[in-house]
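Containing TSV, C-alpha atoms: structure_27.tsv.
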chain	number	residue	atom	x	y	z
A	3	MET	CA	-7.19	30.35	-103.37
A	4	SER	CA	-9.77	31.75	-105.73
A	5	GLU	CA	-10.43	35.46	-106.27
A	6	SER	CA	-13.82	37.05	-106.50
A	7	PHE	CA	-15.48	40.42	-106.98
A	8	VAL	CA	-19.04	41.39	-106.12
A	9	LEU	CA	-21.30	43.73	-108.06
A	10	ARG	CA	-24.37	44.75	-106.07
A	11	GLY	CA	-27.57	45.11	-108.06
A	12	GLU	CA	-27.86	48.81	-107.30
A	13	ASP	CA	-24.30	49.48	-108.50
A	14	ARG	CA	-24.94	48.31	-112.05
A	15	GLY	CA	-25.30	50.70	-114.96
A	16	HIS	CA	-28.82	52.00	-115.39
A	17	THR	CA	-30.48	53.27	-118.57
A	18	ARG	CA	-33.99	54.27	-119.48
A	19	LEU	CA	-34.87	54.16	-123.17
A	20	VAL	CA	-37.92	55.68	-124.82
A	21	SER	CA	-39.02	55.43	-128.43
A	22	THR	CA	-38.93	59.16	-129.09
A	23	GLY	CA	-36.02	61.50	-129.71
A	24	LEU	CA	-32.51	60.12	-130.22
A	25	ASN	CA	-33.55	56.48	-129.96
A	26	ALA	CA	-36.56	56.72	-132.26
A	27	SER	CA	-35.07	54.36	-134.86
A	28	TYR	CA	-33.73	51.90	-132.29
A	29	VAL	CA	-36.57	51.62	-129.77
A	30	ALA	CA	-40.07	50.55	-130.80
A	31	GLY	CA	-43.31	51.51	-129.19
A	32	HIS	CA	-45.65	54.29	-128.20
A	33	PRO	CA	-44.16	57.50	-126.81
A	34	ASP	CA	-44.99	56.27	-123.30
A	35	GLY	CA	-43.34	52.88	-123.78
A	36	VAL	CA	-40.12	52.47	-121.78
A	37	ILE	CA	-37.24	50.00	-121.74
A	38	THR	CA	-35.41	49.98	-118.41
A	39	ARG	CA	-31.98	48.38	-118.57
A	40	HIS	CA	-29.53	47.49	-115.80
A	41	SER	CA	-26.11	46.48	-117.11
A	42	SER	CA	-23.65	44.38	-115.13
A	43	PHE	CA	-20.87	45.14	-117.64
A	44	ASN	CA	-20.07	48.15	-119.80
A	45	PHE	CA	-22.58	48.60	-122.61
A	46	HIS	CA	-23.45	51.57	-124.84
A	47	GLU	CA	-23.48	54.70	-122.68
A	48	TYR	CA	-22.56	52.81	-119.49
A	49	GLN	CA	-18.76	52.61	-119.60
A	50	SER	CA	-17.71	53.12	-116.00
A	51	GLY	CA	-17.98	49.50	-114.90
A	52	ARG	CA	-16.17	46.30	-115.84
A	53	ALA	CA	-15.60	45.50	-119.51
A	54	GLY	CA	-16.65	41.89	-119.07
A	55	PHE	CA	-15.69	38.61	-117.45
A	56	GLY	CA	-14.05	35.82	-119.40
A	57	LYS	CA	-15.89	35.75	-122.73
A	58	ILE	CA	-18.97	37.56	-121.34
A	59	ARG	CA	-19.31	41.12	-122.63
A	60	VAL	CA	-22.93	41.99	-121.80
A	61	LEU	CA	-25.30	41.02	-119.00
A	62	GLY	CA	-28.43	43.13	-119.34
A	63	ASP	CA	-31.47	42.99	-117.04
A	64	GLU	CA	-34.30	44.61	-118.98
A	65	VAL	CA	-37.96	45.46	-118.59
A	66	PHE	CA	-40.05	46.41	-121.63
A	67	THR	CA	-43.43	47.96	-120.89
A	68	GLY	CA	-46.29	46.53	-122.91
A	69	ASN	CA	-48.13	47.09	-126.14
A	70	GLY	CA	-45.36	47.42	-128.65
A	71	THR	CA	-42.22	48.38	-126.71
A	72	GLY	CA	-38.97	46.81	-127.83
A	73	TYR	CA	-36.04	47.06	-130.21
A	74	ASN	CA	-36.63	47.63	-133.90
A	75	MET	CA	-34.68	45.48	-136.38
A	76	HIS	CA	-31.00	46.03	-135.72
A	77	PRO	CA	-27.84	44.27	-136.90
A	78	HIS	CA	-25.70	41.79	-135.05
A	79	HIS	CA	-22.54	39.97	-136.00
A	80	ASN	CA	-20.38	37.38	-134.29
A	81	PHE	CA	-21.73	37.71	-130.75
A	82	ILE	CA	-23.66	34.84	-129.23
A	83	ILE	CA	-26.73	36.37	-127.63
A	84	MET	CA	-28.64	34.40	-125.02
A	85	ALA	CA	-31.98	35.62	-123.68
A	86	VAL	CA	-33.83	34.27	-120.65
A	87	VAL	CA	-37.44	35.39	-120.34
A	88	LEU	CA	-38.47	35.84	-116.70
A	89	GLN	CA	-41.96	37.28	-117.07
A	90	GLY	CA	-44.29	38.21	-119.91
A	91	THR	CA	-43.86	37.47	-123.59
A	92	LEU	CA	-41.00	38.22	-125.98
A	93	THR	CA	-41.62	38.18	-129.71
A	94	HIS	CA	-38.30	37.73	-131.46
A	95	ILE	CA	-37.93	38.13	-135.22
A	96	ASN	CA	-34.62	37.41	-136.96
A	97	THR	CA	-33.29	37.36	-140.48
A	98	ILE	CA	-32.43	33.64	-140.31
A	99	GLY	CA	-36.16	33.47	-140.95
A	100	LYS	CA	-37.43	32.87	-137.47
A	101	ILE	CA	-40.38	34.46	-135.72
A	102	ASP	CA	-40.50	33.10	-132.22
A	103	VAL	CA	-42.65	33.84	-129.20
A	104	LEU	CA	-41.09	33.13	-125.82
A	105	SER	CA	-42.77	33.18	-122.40
A	106	ALA	CA	-41.53	32.92	-118.83
A	107	GLY	CA	-39.07	30.04	-118.53
A	108	ASP	CA	-38.21	30.05	-122.23
A	109	TYR	CA	-34.76	31.05	-123.42
A	110	TYR	CA	-32.88	31.29	-126.71
A	111	SER	CA	-29.31	31.28	-127.98
A	112	PHE	CA	-28.79	33.33	-131.16
A	113	SER	CA	-25.35	33.09	-132.73
A	114	ALA	CA	-25.12	36.08	-135.07
A	115	GLY	CA	-22.00	34.81	-136.85
A	116	SER	CA	-21.55	36.26	-140.34
A	117	GLY	CA	-24.41	38.60	-139.61
A	118	GLY	CA	-28.12	39.01	-139.29
A	119	LYS	CA	-30.67	41.33	-137.84
A	120	HIS	CA	-33.24	40.87	-135.14
A	121	SER	CA	-36.10	42.66	-133.52
A	122	GLU	CA	-37.24	42.10	-129.92
A	123	LEU	CA	-40.78	43.17	-129.08
A	124	ASN	CA	-43.28	43.06	-126.27
A	125	ILE	CA	-46.62	43.11	-128.04
A	126	GLU	CA	-48.65	41.99	-125.01
A	127	PRO	CA	-50.09	44.33	-122.36
A	128	GLU	CA	-48.01	43.12	-119.40
A	129	ASP	CA	-44.37	43.99	-118.77
A	130	LEU	CA	-41.69	41.79	-120.28
A	131	ARG	CA	-38.72	40.99	-118.04
A	132	VAL	CA	-35.74	39.46	-119.79
A	133	ILE	CA	-32.04	38.83	-119.15
A	134	TYR	CA	-29.65	39.22	-122.09
A	135	ILE	CA	-26.17	37.72	-122.04
A	136	TRP	CA	-23.73	38.34	-124.90
A	137	VAL	CA	-20.57	36.28	-125.19
A	138	LEU	CA	-17.70	36.22	-127.70
A	139	PRO	CA	-17.61	33.20	-130.00
A	140	ASP	CA	-14.56	31.05	-130.63
A	141	ARG	CA	-14.84	31.49	-134.43
A	142	LEU	CA	-15.66	34.56	-136.49
A	143	ALA	CA	-18.29	34.84	-139.23
A	144	THR	CA	-19.88	31.40	-138.81
A	145	PRO	CA	-23.34	30.74	-140.32
A	146	PRO	CA	-25.95	32.33	-138.02
A	147	SER	CA	-28.03	30.00	-135.87
A	148	TYR	CA	-30.94	30.17	-133.46
A	149	HIS	CA	-31.96	27.62	-130.82
A	150	ARG	CA	-34.48	27.79	-128.01
A	151	GLY	CA	-35.22	25.86	-124.86
A	152	HIS	CA	-37.40	25.88	-121.77
A	153	PHE	CA	-36.51	25.88	-118.08
A	154	ASP	CA	-39.20	24.44	-115.83
A	155	ALA	CA	-38.46	25.53	-112.25
A	156	ALA	CA	-40.50	22.68	-110.80
A	157	MET	CA	-38.99	19.95	-112.95
A	158	HIS	CA	-35.43	21.27	-112.65
A	159	ALA	CA	-35.65	22.34	-109.00
A	160	ASN	CA	-32.73	22.09	-106.63
A	161	ARG	CA	-29.94	21.40	-109.07
A	162	LEU	CA	-27.68	23.46	-111.32
A	163	HIS	CA	-29.32	22.86	-114.69
A	164	CYS	CA	-27.40	23.57	-117.89
A	165	LEU	CA	-29.37	25.75	-120.33
A	166	VAL	CA	-26.65	26.38	-122.93
A	167	GLY	CA	-23.36	24.52	-123.21
A	168	ASN	CA	-21.82	21.71	-125.18
A	169	ARG	CA	-23.34	18.89	-123.22
A	170	GLU	CA	-26.33	16.58	-123.25
A	171	GLY	CA	-29.66	18.33	-122.91
A	172	ALA	CA	-28.34	21.88	-123.36
A	173	LEU	CA	-28.41	24.16	-126.39
A	174	PRO	CA	-25.11	24.03	-128.34
A	175	ILE	CA	-22.67	26.95	-128.28
A	176	ARG	CA	-19.50	27.81	-130.22
A	177	GLN	CA	-17.53	28.75	-127.16
A	178	ASP	CA	-15.95	27.11	-124.13
A	179	LEU	CA	-18.76	28.46	-121.97
A	180	ALA	CA	-21.93	27.21	-120.33
A	181	LEU	CA	-24.99	28.91	-118.86
A	182	HIS	CA	-26.69	27.23	-115.92
A	183	ARG	CA	-29.77	28.10	-113.90
A	184	LEU	CA	-30.55	27.09	-110.31
A	185	ALA	CA	-34.00	27.25	-108.72
A	186	SER	CA	-33.60	26.27	-105.08
A	187	THR	CA	-35.45	26.02	-101.80
A	188	ALA	CA	-33.85	27.35	-98.63
A	189	GLY	CA	-31.03	25.56	-96.87
A	190	ARG	CA	-29.67	23.58	-99.82
A	191	ARG	CA	-25.97	23.54	-100.75
A	192	TYR	CA	-24.34	23.08	-104.13
A	193	THR	CA	-20.78	22.88	-105.35
A	194	TYR	CA	-19.77	23.93	-108.83
A	195	ARG	CA	-16.37	22.84	-110.12
A	196	ILE	CA	-14.39	25.47	-112.02
A	197	GLY	CA	-12.02	23.93	-114.57
A	198	PRO	CA	-8.48	25.16	-115.28
A	199	ARG	CA	-8.41	28.59	-116.98
A	200	HIS	CA	-12.10	29.06	-116.23
A	201	GLY	CA	-14.15	31.35	-114.03
A	202	ALA	CA	-17.78	31.52	-112.96
A	203	TYR	CA	-20.07	34.55	-112.94
A	204	LEU	CA	-23.18	34.13	-110.80
A	205	PHE	CA	-26.16	36.47	-111.08
A	206	MET	CA	-28.97	36.35	-108.53
A	207	LEU	CA	-32.38	36.64	-110.13
A	208	GLU	CA	-34.42	36.18	-106.93
A	209	GLY	CA	-33.96	35.05	-103.36
A	210	ALA	CA	-30.75	34.92	-101.37
A	211	ALA	CA	-27.63	32.80	-101.34
A	212	GLU	CA	-24.17	32.63	-99.88
A	213	ILE	CA	-21.58	32.19	-102.59
A	214	ASP	CA	-18.28	31.04	-101.02
A	215	GLY	CA	-19.66	32.54	-97.80
A	216	ILE	CA	-20.53	35.94	-99.32
A	217	PRO	CA	-24.23	36.79	-98.90
A	218	LEU	CA	-25.94	37.98	-102.05
A	219	GLY	CA	-29.49	39.09	-102.74
A	220	ARG	CA	-31.72	39.93	-105.65
A	221	ARG	CA	-29.79	41.11	-108.74
A	222	ASP	CA	-26.38	40.94	-107.06
A	223	GLY	CA	-23.57	39.33	-109.03
A	224	ILE	CA	-20.24	37.74	-108.25
A	225	GLY	CA	-17.35	36.72	-110.47
A	226	VAL	CA	-15.13	33.91	-109.21
A	227	THR	CA	-11.77	33.07	-110.72
A	228	GLY	CA	-10.08	29.88	-109.75
A	229	ASP	CA	-6.34	29.73	-109.18
A	230	GLY	CA	-6.06	26.99	-111.77
A	231	GLY	CA	-5.87	24.18	-109.27
A	232	ALA	CA	-7.55	20.87	-110.00
A	233	SER	CA	-10.01	21.25	-107.13
A	234	ASP	CA	-11.31	24.79	-107.69
A	235	GLN	CA	-14.92	25.06	-106.81
A	236	VAL	CA	-17.64	27.53	-105.89
A	237	GLY	CA	-19.86	26.80	-102.90
A	238	ILE	CA	-23.48	27.95	-103.19
A	239	THR	CA	-25.91	27.86	-100.26
A	240	ALA	CA	-29.47	28.99	-100.91
A	241	THR	CA	-30.64	30.90	-97.84
A	242	ALA	CA	-34.22	31.65	-98.95
A	243	ASP	CA	-37.02	29.80	-100.67
A	244	GLY	CA	-37.51	30.87	-104.26
A	245	THR	CA	-33.79	31.39	-104.84
A	246	ASP	CA	-33.19	31.61	-108.59
A	247	LEU	CA	-29.78	32.31	-110.06
A	248	LEU	CA	-27.81	32.08	-113.30
A	249	LEU	CA	-24.25	30.79	-113.42
A	250	VAL	CA	-22.03	31.37	-116.44
A	251	ASP	CA	-18.96	29.15	-116.59
A	252	THR	CA	-16.50	30.78	-118.98
A	253	VAL	CA	-13.01	30.21	-120.22
A	254	LEU	CA	-10.90	33.20	-119.20
B	13	MET	CA	0.60	40.46	-138.25
B	14	TYR	CA	-2.83	41.91	-139.01
B	15	LYS	CA	-5.27	42.40	-136.15
B	16	ARG	CA	-9.05	42.12	-135.84
B	17	TYR	CA	-11.38	44.44	-133.95
B	18	LEU	CA	-14.95	43.68	-132.93
B	19	CYS	CA	-17.61	46.36	-132.35
B	20	LEU	CA	-18.87	45.99	-128.78
B	21	GLY	CA	-22.22	47.39	-129.83
B	22	CYS	CA	-23.10	44.89	-132.53
B	23	GLY	CA	-20.15	42.57	-133.23
B	24	PHE	CA	-19.23	44.12	-136.59
B	25	LEU	CA	-15.70	43.02	-137.48
B	26	TYR	CA	-12.86	45.22	-138.69
B	27	ASP	CA	-10.06	43.02	-140.07
B	28	GLU	CA	-6.89	45.05	-140.87
B	29	ALA	CA	-5.98	42.57	-143.61
B	30	LEU	CA	-9.26	43.18	-145.43
B	31	GLY	CA	-9.95	46.86	-144.68
B	32	LEU	CA	-13.39	48.11	-145.72
B	33	PRO	CA	-12.93	49.18	-149.36
B	34	GLU	CA	-16.66	49.88	-149.75
B	35	HIS	CA	-16.29	52.42	-146.93
B	36	GLY	CA	-13.09	53.94	-148.30
B	37	ILE	CA	-10.65	52.03	-146.05
B	38	ALA	CA	-8.07	50.15	-148.11
B	39	ALA	CA	-7.07	46.58	-147.33
B	40	GLY	CA	-4.11	46.55	-144.95
B	41	THR	CA	-5.09	49.77	-143.15
B	42	ARG	CA	-3.99	49.53	-139.53
B	43	TRP	CA	-6.46	50.32	-136.75
B	44	ALA	CA	-4.34	53.25	-135.58
B	45	GLU	CA	-4.58	54.83	-139.05
B	46	ILE	CA	-8.38	54.99	-138.91
B	47	PRO	CA	-9.52	58.39	-137.59
B	48	SER	CA	-10.63	58.46	-133.95
B	49	ASP	CA	-14.02	59.89	-134.89
B	50	TRP	CA	-14.82	56.87	-137.06
B	51	VAL	CA	-17.86	54.87	-136.04
B	52	CYS	CA	-19.16	51.37	-136.73
B	53	PRO	CA	-20.78	51.41	-140.19
B	54	ASP	CA	-23.58	49.17	-138.94
B	55	CYS	CA	-24.57	50.61	-135.60
B	56	GLY	CA	-22.71	53.87	-135.01
B	57	THR	CA	-20.70	52.67	-132.00
B	58	PRO	CA	-17.58	54.88	-131.58
B	59	LYS	CA	-14.16	53.52	-132.60
B	60	ALA	CA	-13.04	53.56	-128.94
B	61	LEU	CA	-15.64	50.88	-128.14
B	62	PHE	CA	-14.14	48.21	-130.39
B	63	GLU	CA	-12.17	45.38	-128.81
B	64	MET	CA	-9.12	43.78	-130.38
B	65	VAL	CA	-9.86	40.06	-130.60
B	66	GLU	CA	-7.70	37.07	-131.43
B	67	ILE	CA	-10.36	34.80	-132.87
B	68	ALA	CA	-9.89	32.74	-136.02
B	69	TYR	CA	-12.32	32.37	-138.90

Kindly return the structure encoded in the file as structure tokens.
Amino acid sequence: MSESFVLRGEDRGHTRLVSTGLNASYVAGHPDGVITRHSSFNFHEYQSGRAGFGKIRVLGDEVFTGNGTGYNMHPHHNFIIMAVVLQGTLTHINTIGKIDVLSAGDYYSFSAGSGGKHSELNIEPEDLRVIYIWVLPDRLATPPSYHRGHFDAAMHANRLHCLVGNREGALPIRQDLALHRLASTAGRRYTYRIGPRHGAYLFMLEGAAEIDGIPLGRRDGIGVTGDGGASDQVGITATADGTDLLLVDTVL
Amino acid sequence: MYKRYLCLGCGFLYDEALGLPEHGIAAGTRWAEIPSDWVCPDCGTPKALFEMVEIAY
């Protein structure tokens, strides 16, 4: 029998960052620019939740207001950082030598490895909405790498589509972990197989679904751990049109 | 057996075997010997928010 825990959207950590005061060197933008962050796992000043799940250490749901708001150049090492842009435009600059502009549906996987820096900026007028997922790698200090992809909700509708993972059509990753996205109409059912020593963390972006019978709505999350049996699976039923969720399959 | 600790703020690695000589921590210095008010040299994350990891190079 598998185990699961639910984290309701409103129970996540919540932070509001402005570019003045203590965060002046970290946060970019005008004094009235704001980054709003909801954290599903402990991160920075939010330490009263769960430390992580499997190899996931961060799941941040962020909104950057427009016209220059973002994160100034800051260092990263070792973590694999995945970003999924939901709305607006993200300009990402990194010291591998990449300047990339990502719009809704685009995503990247940045493996910091032996180290690099990056800056994340919203230089357009409209809000940027982005999901950040950080996972531990399976090797330390590897050469940094950056890959990007695009998720087309119409083309990939009604199936669990792999964005990042060591399989055909997905961005590569140095970890026994895969990130999937599901855009579904109402009434459809899906089954995701959890392998031995693996678990699945599902995060609802929009809509509504029953995950193993548990109803979840916008920004709710659930972590499911199999009991190691050969037939462990998660049942997903979309109960609303426009259901959009992420599923991270991670070794535990 | 030397251990490795990863900063949960930025992924900076402290490897006991290597120390951080450029920051005044000799090679072989155990995690417990580093003062509790020490912070990540790269991002300022407190020592308490490092995670011991068993990941190879």

Original post:
Taking all atoms listed in the file into account, which residues of chain A are within 12 Å of chain B, as a ChimeraX atom specification?
Top reply: /A:27-28,43-49,53-54,57-60,75-83,113-120,136-145,176-177

Subject >> Between atom CA of A:Leu24 and atom CA of A:Arg39 - distance in Å to one decimal >> reply: 16.5 Å

Original post:
Hey, which of A:Ala106, A:His32, A:Gly225, A:Leu92 ends up closest to A:Glu126? Count all atoms listed in the file.
Top reply: A:Leu92

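Atom CA of A:Gly68 is positioned 12.9 Å from atom CA of A:Val29.
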
Subject >> Neighbour list for B:Met64 as a list in words, cut-off 9 Å, all atoms listed in the file, skip fewer than 3 positions in-chain >> reply: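 Listed by chain and then number, they are Lys15, Arg16, Tyr17 and Leu18 of chain B.
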
**OP:** Grab the atom CA of A:Ala156 to atom CA of A:Asp63 distance for me, in Å with one decimal place.
**Re:** 23.1 Å

Original post:
Skipping near chain neighbours, those fewer than 5 positions away, what residues fall within 12 Å of stretch 33-36 of chain B using only C-alpha atoms, listed as a VMD selection string?
Top reply: chain B and resid 26 to 28 41 46 50 to 54

Original post:
Of the candidates A:Gly107, A:Gly189, A:Pro198, A:Pro127, which shows the shortest atom-to-atom distance to A:Leu165, using only C-alpha atoms?
Top reply: A:Gly107

**OP:** May I ask which of the residues A:Asp251, A:Asp246, A:Asp102, A:Asp13 is the closest one to A:Ala188, counting only C-alpha atoms?
**Re:**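 Smallest separation from A:Ala188 among the options: A:Asp246.
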
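All residues of protein, DNA or RNA that reach within 9 Å of A:Asn168, judged by only C-alpha atoms and not counting those fewer than 2 positions away in the chain, are Val166, Glu170, Gly171, Ala172, Leu173, Pro174, Ile175, Arg176, Gln177, Asp178, Leu179 and Ala180 of chain A.
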
Subject >> Nearby residues (all atoms listed in the file) at most 9 Å from A:Tyr110, same-chain spacing under 3 positions excluded, as JSON, numbers by chain >> reply: {"A": [83, 84, 85, 86, 87, 104, 148, 149, 150, 151, 152, 166, 173]}

**OP:** Give as an MDAnalysis selection string every residue, naming chains and numbers as the document does, that has an atom within 6 Å of (-9.7, 30.8, -117.3), counting all atoms listed in the file.
**Re:** chainID A and resid 199:201 253:254

Original post:
Which protein, DNA or RNA residues are at most 7 Å from (0.1, 45.6, -139.4) in the file's coordinates when you count all atoms listed in the file, listed as a PyMOL selection string?
Top reply: chain B and resi 13-14+42
